[in-house]
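Structure data follow from upload.cif (mmCIF, C-alpha atoms):
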data_coords
loop_
_atom_site.label_atom_id
_atom_site.label_comp_id
_atom_site.auth_asym_id
_atom_site.auth_seq_id
_atom_site.Cartn_x
_atom_site.Cartn_y
_atom_site.Cartn_z
CA MET K 43 -135.84 -112.58 11.40
CA PRO K 44 -133.95 -115.37 13.23
CA GLY K 45 -132.84 -112.99 15.99
CA ALA K 46 -136.42 -112.20 16.93
CA LEU K 47 -137.50 -115.80 16.71
CA ASP K 48 -134.76 -117.00 19.06
CA ARG K 49 -135.26 -114.29 21.67
CA PRO K 50 -135.83 -116.80 24.56
CA CYS K 51 -132.20 -117.90 24.31
CA ARG K 52 -130.76 -114.38 24.39
CA GLY K 53 -130.74 -114.33 28.18
CA TRP K 54 -128.29 -117.23 28.22
CA LEU K 55 -126.22 -115.65 25.46
CA ALA K 56 -126.00 -112.47 27.48
CA MET K 57 -123.92 -114.41 30.00
CA MET K 58 -121.16 -114.66 27.37
CA ARG K 59 -121.02 -110.94 26.62
CA PRO K 60 -118.17 -108.96 28.11
CA VAL K 61 -118.97 -107.40 31.46
CA PRO K 62 -117.03 -104.72 33.31
CA ARG K 63 -113.82 -106.30 34.57
CA LEU K 64 -114.25 -104.97 38.07
CA GLY K 65 -117.79 -106.33 38.32
CA LYS K 66 -116.71 -109.73 37.04
CA ARG K 67 -113.80 -109.90 39.46
CA ALA K 68 -115.98 -108.82 42.35
CA PHE K 69 -118.59 -111.47 41.52
CA ARG K 70 -115.98 -114.22 41.26
CA ALA K 71 -114.32 -113.09 44.48
CA ALA K 72 -117.71 -113.21 46.19
CA GLN K 73 -118.31 -116.77 44.96
CA ILE K 74 -114.91 -117.87 46.24
CA LEU K 75 -115.60 -116.28 49.61
CA VAL K 76 -119.02 -117.98 49.79
CA SER K 77 -117.45 -121.39 49.19
CA ILE K 78 -114.71 -120.80 51.75
CA ALA K 79 -117.13 -119.42 54.33
CA LEU K 80 -119.61 -122.28 53.92
CA LEU K 81 -116.88 -124.91 54.18
CA ALA K 82 -115.43 -123.21 57.27
CA VAL K 83 -118.82 -123.03 58.98
CA LEU K 84 -119.57 -126.66 58.16
CA TRP K 85 -116.13 -127.76 59.32
CA ASN K 86 -116.76 -126.25 62.74
CA ALA K 87 -120.47 -127.11 62.97
CA VAL K 88 -120.59 -130.79 62.00
CA GLY K 89 -117.22 -132.10 63.13
CA GLY K 90 -114.47 -131.33 60.66
CA ALA K 91 -111.98 -133.50 62.53
CA GLU K 92 -114.26 -136.52 62.11
CA ALA K 93 -114.73 -135.77 58.42
CA LEU K 94 -110.98 -135.36 57.96
CA GLY K 95 -110.42 -138.71 59.65
CA SER K 96 -112.88 -140.36 57.27
CA LEU K 97 -111.11 -138.77 54.30
CA MET K 98 -107.69 -139.89 55.53
CA ARG K 99 -109.00 -143.46 55.89
CA ALA K 100 -110.82 -143.42 52.52
CA LYS K 101 -110.55 -146.68 50.61
CA ALA K 102 -108.71 -146.26 47.33
CA ASP K 103 -110.62 -148.98 45.47
CA TRP K 104 -113.98 -147.23 46.00
CA LEU K 105 -112.48 -143.88 45.00
CA LEU K 106 -111.16 -145.52 41.84
CA LEU K 107 -114.65 -146.80 41.05
CA ALA K 108 -115.97 -143.25 41.53
CA TYR K 109 -113.28 -141.99 39.15
CA VAL K 110 -114.30 -144.54 36.52
CA ALA K 111 -118.01 -143.69 36.93
CA LEU K 112 -117.43 -139.94 36.54
CA THR K 113 -115.13 -140.53 33.56
CA LEU K 114 -117.87 -142.58 31.88
CA GLN K 115 -120.37 -139.85 32.76
CA THR K 116 -118.21 -137.23 31.03
CA VAL K 117 -117.78 -139.35 27.89
CA LEU K 118 -121.51 -140.13 27.69
CA SER K 119 -122.35 -136.45 28.23
CA GLY K 120 -120.09 -135.54 25.30
CA LEU K 121 -121.90 -138.06 23.12
CA ARG K 122 -125.25 -136.63 24.28
CA TRP K 123 -124.10 -133.17 23.25
CA LYS K 124 -123.13 -134.48 19.82
CA LEU K 125 -126.56 -136.07 19.41
CA THR K 126 -128.31 -132.89 20.56
CA ALA K 127 -126.26 -130.63 18.31
CA GLN K 128 -126.89 -132.82 15.26
CA GLY K 129 -130.60 -132.07 15.50
CA LEU K 130 -129.72 -128.37 15.23
CA GLY K 131 -127.55 -128.69 12.14
CA GLN K 132 -124.12 -129.14 13.72
CA ARG K 133 -121.71 -131.89 12.81
CA PHE K 134 -118.59 -132.96 14.69
CA THR K 135 -116.96 -136.26 15.58
CA SER K 136 -117.43 -138.12 18.83
CA GLY K 137 -113.79 -137.45 19.70
CA GLN K 138 -114.26 -133.71 19.21
CA ALA K 139 -117.42 -133.75 21.34
CA VAL K 140 -115.75 -135.60 24.21
CA ARG K 141 -112.64 -133.41 24.05
CA GLU K 142 -114.73 -130.23 24.12
CA TYR K 143 -116.79 -131.59 27.01
CA TYR K 144 -113.65 -132.33 29.02
CA LEU K 145 -112.42 -128.80 28.39
CA ALA K 146 -115.77 -127.30 29.43
CA GLN K 147 -115.86 -129.41 32.60
CA PHE K 148 -112.31 -128.37 33.47
CA VAL K 149 -113.12 -124.68 33.04
CA ASN K 150 -116.38 -125.04 35.00
CA GLN K 151 -114.48 -126.60 37.90
CA SER K 152 -111.66 -124.07 37.74
CA LEU K 153 -113.61 -120.81 37.56
CA PRO K 154 -116.51 -119.41 39.59
CA GLY K 155 -119.82 -119.35 37.79
CA GLY K 156 -120.19 -122.97 36.76
CA MET K 157 -121.16 -122.22 33.14
CA VAL K 158 -118.11 -120.45 31.71
CA GLY K 159 -116.89 -123.68 30.15
CA ASP K 160 -120.28 -124.35 28.58
CA ALA K 161 -120.34 -120.84 27.12
CA GLY K 162 -116.94 -121.46 25.59
CA ARG K 163 -118.14 -124.79 24.22
CA ALA K 164 -120.99 -123.02 22.43
CA LEU K 165 -118.67 -120.30 21.15
CA ARG K 166 -116.21 -122.77 19.63
CA ALA K 167 -119.02 -124.81 18.01
CA ARG K 168 -120.73 -121.84 16.36
CA HIS K 169 -119.18 -122.08 12.90
CA GLN K 170 -121.57 -124.55 11.26
CA ALA K 171 -124.97 -123.31 12.42
CA GLY K 172 -124.32 -119.97 14.10
CA LEU K 173 -123.90 -118.94 17.72
CA MET K 174 -127.61 -119.12 18.52
CA ARG K 175 -127.97 -122.74 17.42
CA ALA K 176 -124.68 -123.69 19.06
CA SER K 177 -125.88 -122.11 22.31
CA GLN K 178 -129.19 -123.93 22.08
CA GLY K 179 -127.32 -127.20 21.61
CA VAL K 180 -125.35 -126.65 24.81
CA VAL K 181 -128.36 -125.47 26.81
CA PHE K 182 -130.59 -128.32 25.59
CA GLU K 183 -127.91 -130.90 26.36
CA ARG K 184 -127.58 -129.63 29.93
CA LEU K 185 -131.37 -129.53 30.19
CA SER K 186 -131.65 -133.14 29.06
CA GLY K 187 -129.27 -134.25 31.79
CA GLN K 188 -131.00 -132.26 34.52
CA VAL K 189 -134.42 -133.57 33.48
CA ALA K 190 -133.14 -137.12 33.92
CA VAL K 191 -131.79 -136.35 37.40
CA PHE K 192 -135.04 -134.57 38.30
CA ALA K 193 -137.15 -137.51 37.11
CA VAL K 194 -135.13 -139.97 39.20
CA MET K 195 -135.28 -137.70 42.23
CA ALA K 196 -139.04 -137.08 41.95
CA LEU K 197 -139.89 -140.76 41.46
CA ALA K 198 -137.60 -141.88 44.27
CA PHE K 199 -139.00 -139.25 46.64
CA LEU K 200 -142.55 -140.32 45.84
CA VAL K 201 -141.83 -144.03 46.27
CA THR K 202 -139.77 -143.67 49.46
CA SER K 203 -142.42 -141.38 50.96
CA LEU K 204 -145.38 -143.69 50.30
CA ALA K 205 -143.97 -147.22 50.27
CA PRO K 206 -143.73 -149.15 53.55
CA GLY K 207 -140.22 -149.16 54.89
CA GLY K 208 -139.27 -146.08 52.85
CA LEU K 209 -137.27 -143.11 54.04
CA ASP K 210 -138.45 -141.00 56.95
CA TRP K 211 -138.26 -137.61 55.28
CA PRO K 212 -138.23 -134.71 57.79
CA LEU K 213 -140.77 -131.95 57.40
CA TRP K 214 -138.14 -129.41 56.34
CA VAL K 215 -137.12 -131.66 53.44
CA ARG K 216 -140.71 -132.18 52.32
CA SER K 217 -141.38 -128.44 52.54
CA PHE K 218 -138.95 -127.67 49.75
CA VAL K 219 -138.86 -130.92 47.75
CA VAL K 220 -142.63 -131.03 47.15
CA PRO K 221 -142.76 -127.45 45.75
CA LEU K 222 -139.66 -128.23 43.68
CA ILE K 223 -141.33 -131.27 42.13
CA LEU K 224 -144.55 -129.35 41.48
CA PHE K 225 -142.60 -126.53 39.86
CA GLY K 226 -140.73 -128.97 37.63
CA LEU K 227 -143.96 -130.66 36.55
CA ALA K 228 -145.64 -127.31 35.89
CA ALA K 229 -142.78 -125.87 33.80
CA PRO K 230 -143.76 -127.66 30.54
CA VAL K 231 -147.39 -126.53 31.00
CA VAL K 232 -146.29 -122.92 31.48
CA PHE K 233 -144.10 -123.20 28.39
CA TRP K 234 -147.06 -124.53 26.38
CA LEU K 235 -149.37 -121.80 27.64
CA GLY K 236 -146.79 -119.21 26.63
CA GLY K 237 -147.17 -120.40 23.05
CA LEU K 238 -150.79 -119.25 23.14
CA LEU K 239 -149.70 -115.62 23.49
CA PRO K 240 -150.26 -113.49 20.40
CA GLY K 241 -147.63 -111.71 18.36
CA PRO K 242 -143.84 -112.05 18.43
CA GLN K 243 -143.81 -113.82 21.80
CA SER K 244 -145.76 -116.72 20.34
CA ARG K 245 -143.54 -116.88 17.26
CA ALA K 246 -140.41 -116.83 19.42
CA LEU K 247 -141.69 -119.68 21.60
CA ASP K 248 -142.78 -121.63 18.52
CA SER K 249 -139.27 -121.30 17.13
CA LEU K 250 -137.75 -122.36 20.43
CA TRP K 251 -140.12 -125.34 20.64
CA ALA K 252 -139.17 -126.40 17.10
CA ALA K 253 -135.49 -126.35 18.05
CA LEU K 254 -136.16 -128.22 21.29
CA HIS K 255 -138.20 -130.85 19.46
CA ALA K 256 -135.52 -131.35 16.81
CA ALA K 257 -132.76 -131.68 19.40
CA LEU K 258 -134.43 -133.74 22.13
CA LEU K 259 -137.91 -134.99 21.27
CA ALA K 260 -137.86 -136.09 17.64
CA PRO K 261 -138.58 -139.84 17.32
CA ARG K 262 -135.10 -140.60 15.99
CA VAL K 263 -133.36 -139.03 19.02
CA LEU K 264 -135.83 -139.35 21.91
CA GLY K 265 -134.91 -142.92 22.80
CA TRP K 266 -131.20 -142.12 22.75
CA GLN K 267 -131.75 -139.00 24.83
CA ILE K 268 -133.62 -141.00 27.48
CA LEU K 269 -130.97 -143.72 27.47
CA LEU K 270 -128.05 -141.30 27.71
CA GLY K 271 -129.83 -139.20 30.35
CA LEU K 272 -130.45 -142.21 32.57
CA ALA K 273 -126.94 -143.55 31.97
CA THR K 274 -125.22 -140.28 32.93
CA THR K 275 -127.48 -139.98 35.98
CA ALA K 276 -126.64 -143.51 37.05
CA CYS K 277 -122.92 -142.78 36.68
CA THR K 278 -123.10 -139.59 38.76
CA LEU K 279 -125.22 -141.09 41.53
CA SER K 280 -123.03 -144.19 41.63
CA ALA K 281 -119.90 -142.04 41.87
CA PHE K 282 -121.27 -140.21 44.91
CA ALA K 283 -122.32 -143.50 46.49
CA PHE K 284 -118.83 -144.91 45.89
CA CYS K 285 -117.30 -141.84 47.58
CA ALA K 286 -119.65 -142.32 50.51
CA ARG K 287 -118.64 -145.98 50.72
CA ALA K 288 -114.97 -145.01 50.52
CA THR K 289 -115.37 -142.69 53.51
CA GLY K 290 -117.33 -145.18 55.60
CA THR K 291 -121.04 -144.76 54.73
CA ASP K 292 -122.93 -147.53 52.92
CA LEU K 293 -126.03 -146.03 51.27
CA SER K 294 -128.93 -148.24 50.20
CA LEU K 295 -130.39 -147.97 46.70
CA ALA K 296 -133.39 -145.98 48.01
CA GLU K 297 -131.06 -143.59 49.82
CA ILE K 298 -128.88 -143.14 46.73
CA LEU K 299 -131.86 -142.41 44.49
CA GLY K 300 -133.65 -140.21 47.02
CA ILE K 301 -130.88 -138.26 48.75
CA VAL K 302 -128.01 -137.91 46.29
CA PRO K 303 -129.98 -136.06 43.55
CA LEU K 304 -131.03 -133.47 46.14
CA ILE K 305 -127.40 -132.99 47.11
CA LEU K 306 -126.27 -132.61 43.51
CA PHE K 307 -129.05 -130.15 42.61
CA THR K 308 -127.50 -127.61 44.99
CA MET K 309 -124.52 -127.38 42.62
CA LEU K 310 -126.78 -125.57 40.14
CA ILE K 311 -127.11 -122.56 42.45
CA PRO K 312 -124.49 -120.09 41.09
CA VAL K 313 -123.36 -118.53 44.36
CA SER K 314 -120.21 -120.57 44.94
CA VAL K 315 -117.37 -122.15 42.99
CA SER K 316 -118.74 -125.24 41.24
CA GLY K 317 -121.13 -125.92 44.10
CA TRP K 318 -118.39 -126.21 46.75
CA GLY K 319 -119.87 -125.48 50.15
CA LEU K 320 -123.48 -125.80 49.02
CA ARG K 321 -123.05 -129.45 48.09
CA GLU K 322 -121.28 -130.19 51.37
CA GLY K 323 -123.97 -128.40 53.35
CA ALA K 324 -126.71 -130.39 51.63
CA ALA K 325 -124.85 -133.66 52.23
CA ALA K 326 -124.34 -132.83 55.91
CA ALA K 327 -128.04 -132.00 56.27
CA LEU K 328 -129.38 -135.01 54.34
CA PHE K 329 -127.09 -137.84 55.44
CA PRO K 330 -128.87 -138.11 58.82
CA VAL K 331 -131.99 -139.11 56.83
CA ALA K 332 -130.00 -142.23 55.91
CA GLY K 333 -128.98 -142.77 59.52
CA ALA K 334 -125.46 -141.43 58.99
CA SER K 335 -123.78 -138.48 60.66
CA ALA K 336 -123.51 -135.00 59.22
CA ALA K 337 -119.71 -135.36 59.30
CA SER K 338 -120.04 -138.47 57.11
CA GLY K 339 -121.99 -136.42 54.57
CA LEU K 340 -119.33 -133.72 54.64
CA ALA K 341 -116.56 -136.28 54.06
CA ALA K 342 -118.41 -138.02 51.21
CA SER K 343 -119.15 -134.74 49.46
CA ILE K 344 -115.56 -133.49 49.73
CA ALA K 345 -114.32 -136.83 48.37
CA PHE K 346 -116.77 -136.55 45.47
CA GLY K 347 -115.59 -133.02 44.68
CA LEU K 348 -111.92 -134.02 44.74
CA VAL K 349 -112.51 -137.07 42.53
CA PHE K 350 -114.46 -134.91 40.09
CA ILE K 351 -111.54 -132.47 39.87
CA ALA K 352 -109.20 -135.39 39.13
CA VAL K 353 -111.57 -136.64 36.42
CA VAL K 354 -111.71 -133.35 34.51
CA LEU K 355 -107.96 -132.69 34.64
CA PRO K 356 -107.49 -134.04 31.07
CA GLY K 357 -109.51 -131.00 30.00
CA VAL K 358 -106.36 -128.91 30.41
CA LEU K 359 -104.72 -130.68 27.46
CA PRO K 360 -106.64 -128.74 24.75
CA LEU K 361 -105.62 -125.52 26.51
CA LEU K 362 -101.96 -126.54 26.49
CA GLN K 363 -102.13 -127.62 22.86
CA GLY K 364 -103.74 -124.33 21.89
CA ARG K 365 -101.02 -122.40 23.73
CA ARG K 366 -98.27 -124.29 21.91
CA LYS K 367 -99.87 -123.48 18.56
CA SER K 368 -100.19 -119.77 19.41
CA PRO K 369 -97.27 -117.47 18.52
#

For the structure just supplied, provide its representation as structure tokens.
Amino acid sequence: MPGALDRPCRGWLAMMRPVPRLGKRAFRAAQILVSIALLAVLWNAVGGAEALGSLMRAKADWLLLAYVALTLQTVLSGLRWKLTAQGLGQRFTSGQAVREYYLAQFVNQSLPGGMVGDAGRALRARHQAGLMRASQGVVFERLSGQVAVFAVMALAFLVTSLAPGGLDWPLWVRSFVVPLILFGLAAPVVFWLGGLLPGPQSRALDSLWAALHAALLAPRVLGWQILLGLATTACTLSAFAFCARATGTDLSLAEILGIVPLILFTMLIPVSVSGWGLREGAAAALFPVAGASAASGLAASIAFGLVFIAVVLPGVLPLLQGRRKSP
């Protein structure tokens, strides 16, 4: 009964099922409007003219470094997906993994929702081990990356809060970061306690744990998962720091490790297009912690978003190739 055993992943799979066209269009239109509205409010509230000036004066060499860092992040993420999928019985080449990852990133940046490309990645990789295992491979790979970012953020927040000369975190930041860290630390405990439930729930969680262990925690893959997670995190944080430097803000290492992960986490909230608007709002709110202006945060975040779009543009090539092959 594999369907019953893998019930915890069905919620994610449900995202790939067809939904009424009108409802889907309305949801996407709402996400687009949220992004536009947030950007418009920020533009007027924090000094859009100043941010535009910073963008117009952006230094090309630092933007190029950001492009290289995000390109490396995409390639390493594709290799991490290959490693994760292998533990679940899937086999494909490194080139295929990177190409599929570029395509997924391009779709995620092009369409509201932020996970449409990942759903397609799972759908196209389903042939060897089935759709459920392919979906688990995609979900676990994304989870591995987010855990690495969370670990860096939590450690940096703890160190910069307690160490002399650290960051002066405002109360409003502490009020949501501390609960976020506690929730993240408690999640594995809740997952383990769920396995103590009797009946099919316990069997389903046991099956999910076995898949998670094979993909991420087995001795032969754990070291590589940690290495790739930290490497992709370093690339992403460095890219944002390079964009900040390009637009006139020089962030220290403590500020990069403490502030940037909080900014990037807002992109996971699925109420806008690929985090646009939310990311800029978080940057405008958090840059003053580093002694910079809110307009500087807005400019750095917009630069990061534009560079990221440029990085994932090669993802359109598989779409064009597929169209040429179609009658």

(request) Using the chain letters and numbers from the file, give me the residues hit by the PyMOL selection byres ((chain K and resi 307) around 10), as an MDAnalysis selection string. (result) chainID K and resid 188 191:192 195 302:306 308:311 317 320:321 324

(request) Just say which residues the PyMOL selection byres ((chain K and resi 184) around 10) picks in this file, as number ranges by chain. (result) K: 119, 122-123, 126, 160, 178-183, 185-189, 271

(request) Just say which residues the PyMOL selection byres ((chain K and resi 70-76) around 7) picks in this file, as a ChimeraX atom specification. (result) /K:66-69,77-80,154,313-315

(message) Excluding K:Val219 and its own-chain neighbours fewer than 4 positions away, which residues fall within 9 Å of it when counting all atoms listed in the file? Please give them as a ChimeraX atom specification.
(response) /K:196,199,214-215,223-224,304

With C-alpha atoms kept, could you save the residues just selected as an mmCIF file, in the coordinates of the input?
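Output below, filename result.cif:
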data_model
loop_
_atom_site.group_PDB
_atom_site.id
_atom_site.type_symbol
_atom_site.label_atom_id
_atom_site.label_comp_id
_atom_site.auth_asym_id
_atom_site.auth_seq_id
_atom_site.Cartn_x
_atom_site.Cartn_y
_atom_site.Cartn_z
ATOM 1 C CA ALA K 196 -139.040 -137.080 41.950
ATOM 2 C CA PHE K 199 -139.000 -139.250 46.640
ATOM 3 C CA TRP K 214 -138.140 -129.410 56.340
ATOM 4 C CA VAL K 215 -137.120 -131.660 53.440
ATOM 5 C CA ILE K 223 -141.330 -131.270 42.130
ATOM 6 C CA LEU K 224 -144.550 -129.350 41.480
ATOM 7 C CA LEU K 304 -131.030 -133.470 46.140
#

(request) For K:Ala334, please output as a list in words all residues within 10 Å (counting all atoms listed in the file; exclusion window: fewer than 6 positions along the same chain). (result) Gly290, Thr291, Asp292, Leu293, Ala326 and Leu328 of chain K

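We find atom CA of K:Pro312 and atom CA of K:Met174 to be spaced 22.8 Å apart.
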
(request) Find, counting all atoms listed in the file, the residue in K:Val110, K:Ala171, K:Thr278, K:Trp251 that gets nearest to K:Phe134. (result) K:Ala171

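Note that atom CA of K:Gln267 and atom CA of K:Pro356 are 25.5 Å apart.
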
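Using all atoms listed in the file, the smallest distance between any of K:Ala337, K:Ile301, K:Ala93, K:Ala190 and K:Asp210 comes from K:Ile301.
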
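Our summary of the geometry notes that atom CA of K:Ser294 is positioned 23.3 Å from atom CA of K:Leu269.
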
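Nearest to K:Ala283 of all the residues K:Val349, K:Leu227, K:Val88, K:Leu295 is K:Leu295, based on only C-alpha atoms.
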
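For K:Ala325, the non-local neighbours within 7 Å, defined as residues at least 2 positions apart in the same chain or in other chains and counting all atoms listed in the file, are K:Ile305, K:Arg321, K:Glu322, K:Gly323, K:Ala327, K:Leu328, K:Phe329, K:Gly339, K:Leu340, K:Ser343.
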
(message) Give me the residues near stretch 97-109 of chain K as a PyMOL selection string, where near means some atom within 9 Å (using all atoms listed in the file) and where sequence neighbours in that chain fewer than 4 positions away do not count.
(response) chain K and resi 92-93+113-114+277-278+280-290+341-342+344-346+349-350+352-353

(message) Given all atoms listed in the file as the basis, pick out the residue of K:Thr116, K:Tyr144, K:Ala161, K:Lys124 nearest to K:Leu258.
(response) K:Lys124

(message) Counting all atoms listed in the file, which residue out of K:Trp318, K:Gly137, K:Ala296, K:Leu238 sits closest to K:Ala205?
(response) K:Ala296

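The nearest approach to K:Arg133 among the residues K:Val220, K:Ala176, K:Ile298, K:Leu200, with only C-alpha atoms taken into account, belongs to K:Ala176.
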
Complete stretch 74-86 of chain K at the level of N, CA and C atoms, written as a PDB file, in the coordinates of the input.
ATOM      1  N   ILE K  74    -115.991-117.172  45.535  1.00  0.00           N
ATOM      2  CA  ILE K  74    -114.910-117.870  46.240  1.00  0.00           C
ATOM      3  C   ILE K  74    -115.075-117.717  47.750  1.00  0.00           C
ATOM      4  N   LEU K  75    -115.406-116.516  48.185  1.00  0.00           N
ATOM      5  CA  LEU K  75    -115.600-116.280  49.610  1.00  0.00           C
ATOM      6  C   LEU K  75    -116.783-117.072  50.149  1.00  0.00           C
ATOM      7  N   VAL K  76    -117.855-117.191  49.352  1.00  0.00           N
ATOM      8  CA  VAL K  76    -119.020-117.980  49.790  1.00  0.00           C
ATOM      9  C   VAL K  76    -118.618-119.429  50.002  1.00  0.00           C
ATOM     10  N   SER K  77    -117.876-119.996  49.048  1.00  0.00           N
ATOM     11  CA  SER K  77    -117.450-121.390  49.190  1.00  0.00           C
ATOM     12  C   SER K  77    -116.582-121.580  50.426  1.00  0.00           C
ATOM     13  N   ILE K  78    -115.604-120.675  50.609  1.00  0.00           N
ATOM     14  CA  ILE K  78    -114.710-120.800  51.750  1.00  0.00           C
ATOM     15  C   ILE K  78    -115.475-120.651  53.062  1.00  0.00           C
ATOM     16  N   ALA K  79    -116.374-119.660  53.108  1.00  0.00           N
ATOM     17  CA  ALA K  79    -117.130-119.420  54.330  1.00  0.00           C
ATOM     18  C   ALA K  79    -118.031-120.605  54.676  1.00  0.00           C
ATOM     19  N   LEU K  80    -118.727-121.149  53.668  1.00  0.00           N
ATOM     20  CA  LEU K  80    -119.610-122.280  53.920  1.00  0.00           C
ATOM     21  C   LEU K  80    -118.824-123.499  54.406  1.00  0.00           C
ATOM     22  N   LEU K  81    -117.688-123.767  53.770  1.00  0.00           N
ATOM     23  CA  LEU K  81    -116.880-124.910  54.180  1.00  0.00           C
ATOM     24  C   LEU K  81    -116.340-124.714  55.604  1.00  0.00           C
ATOM     25  N   ALA K  82    -115.947-123.479  55.921  1.00  0.00           N
ATOM     26  CA  ALA K  82    -115.430-123.210  57.270  1.00  0.00           C
ATOM     27  C   ALA K  82    -116.520-123.394  58.318  1.00  0.00           C
ATOM     28  N   VAL K  83    -117.710-122.887  58.031  1.00  0.00           N
ATOM     29  CA  VAL K  83    -118.820-123.030  58.980  1.00  0.00           C
ATOM     30  C   VAL K  83    -119.164-124.499  59.170  1.00  0.00           C
ATOM     31  N   LEU K  84    -119.245-125.240  58.058  1.00  0.00           N
ATOM     32  CA  LEU K  84    -119.570-126.660  58.160  1.00  0.00           C
ATOM     33  C   LEU K  84    -118.494-127.419  58.926  1.00  0.00           C
ATOM     34  N   TRP K  85    -117.242-127.069  58.669  1.00  0.00           N
ATOM     35  CA  TRP K  85    -116.130-127.760  59.320  1.00  0.00           C
ATOM     36  C   TRP K  85    -116.230-127.643  60.838  1.00  0.00           C
ATOM     37  N   ASN K  86    -116.634-126.468  61.297  1.00  0.00           N
ATOM     38  CA  ASN K  86    -116.760-126.250  62.740  1.00  0.00           C
ATOM     39  C   ASN K  86    -118.081-126.780  63.298  1.00  0.00           C
TER      40      ASN K  86
END
